[in-house]
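See below for the structure under consideration.
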Amino acid sequence: MKLYYSPGVCSLSPHICLREAGLSVELVKVDIKAHTLSDGADYYSVNPHGYVPMLELDDGERITEGPAIVQYVADQVPESRLAPPAGSRERTRMQSWLNFIGTELHKGYSPLFNPAAGSEFKQWQKQRLSDRYTWVANELGGKEYLLGDTFTCADAYLFTTLGWMGFVGLDVATWPRLKSYRERIAARPRVQDAMRAEGLIK
């Protein structure tokens, strides 16, 4: 398999899941600003969307969209417990978290990185993002991870978004529960492997 990625962006989530599942994957780095591969090839010729992540399977099929990729990965290695069984209420809860993280957190950062967005709107969006993180912190009360005591794909995604806070002027220490959660996940050996491979840590 090949994972098309860019360091530290949303593709870190499936990268973490692949390593947590113990699956072998070839990393293909993408310049997401120029939409090119390391050899200069046009990434649009590989993925018409032009963004990451994308997972290319051994038979050539390509899967896009992070929440779809991480669930596919989890289902290849059920014993990894990266996702509850398909059709279960717990799986639906995890899917709910993946959707919330994708729409309310991940996409909430986009305007803050957009130079065309006005300062007043950015301030409003930053507060909205802060409110969402406050809710998440409350939901984590008494739990190690989003679904309880087991690390899942949803945790890989939330952890990834927490890594972007400093770029938009948010401080994870504002939410002690999120800070300890982030530290707990960052200490996982497979998470460190993924971050090291992307050059995010030494």
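Just remember, in the structure tokens the first chain shown is A, the second B, etc., residues are 1-based per chain, and ligands are 1-based in the order shown.
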Compile a residue-level contact table for region 29-93 of chain A against region 147-168 of chain A at a cut-off of 7 Å, reporting for every qualifying residue the shortest atom pair and its distance in Å to one decimal, with only C-alpha atoms counted, rows ordered by chain and ascending number, as CSV.
```
residue,atom,partner,partner_atom,distance
A:Val70,CA,A:Cys153,CA,6.1
A:Arg81,CA,A:Thr152,CA,6.8
A:Leu82,CA,A:Thr152,CA,4.1
A:Ala83,CA,A:Thr152,CA,5.6
```
All strand (DSSP E or B) positions in region 3-172 of chain A, as a list in words: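 Those in region 3-172 of chain A that DSSP calls strand (DSSP E or B) are Leu3, Tyr4, Tyr5, Glu26, Leu27, Val28, Lys29, Val30, Asp31, Thr36, Leu37, Asp42, Met54, Leu55, Glu56, Arg62, Ile63, Thr64, Tyr145 and Gly148 of chain A.
Once region 33-41 of chain A and its same-chain neighbours fewer than 5 positions away are set aside, A:Tyr4, A:Tyr5, A:Val28, A:Val46, A:Asn47, A:His49, A:Gly50, A:Tyr51, A:Val52 remain within 10 Å of it when counting only C-alpha atoms.
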Using C-alpha atoms, can you export the residues from the last selection as a PDB file, in the first residue's frame?
```
ATOM      1  CA  TYR A   4       0.081   9.900  -0.024  1.00  0.00           C
ATOM      2  CA  TYR A   5       0.785  12.370   2.757  1.00  0.00           C
ATOM      3  CA  VAL A  28       4.633   9.116  -0.796  1.00  0.00           C
ATOM      4  CA  VAL A  46      -2.924  10.742  -9.254  1.00  0.00           C
ATOM      5  CA  ASN A  47      -5.695  12.330  -7.193  1.00  0.00           C
ATOM      6  CA  HIS A  49      -8.859  16.395  -5.626  1.00  0.00           C
ATOM      7  CA  GLY A  50      -5.245  17.428  -5.195  1.00  0.00           C
ATOM      8  CA  TYR A  51      -5.215  16.947  -1.437  1.00  0.00           C
ATOM      9  CA  VAL A  52      -4.131  14.312   1.054  1.00  0.00           C
TER      10      VAL A  52
END
```
Nearest residue to Asn99 (chain A) from the set A:Ala197, A:Asp75, A:Phe121, A:Pro67 (distances using only C-alpha atoms):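 Of A:Ala197, A:Asp75, A:Phe121, A:Pro67, the one nearest Asn99 (chain A), counting only C-alpha atoms, is A:Pro67.
Comparing the minimum interatomic distances between Ser130 (chain A) and each of A:Gly199, A:Gly102, A:Pro115, A:Gly108, counting only C-alpha atoms, we find that A:Gly108 sits nearest.
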Selected residue of minimal separation from Leu200 (chain A) among A:Lys122, A:His106, A:Met54, A:Ala186, counting only C-alpha atoms: A:Ala186
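From CA of Trp175 (chain A) back to CA of Ala68 (chain A), the distance works out to 28.9 Å.
Checking A:Glu20, A:Glu26, A:Asn114, A:Arg89 one by one against Val191 (chain A), counting only C-alpha atoms, you find the shortest gap at A:Glu20.
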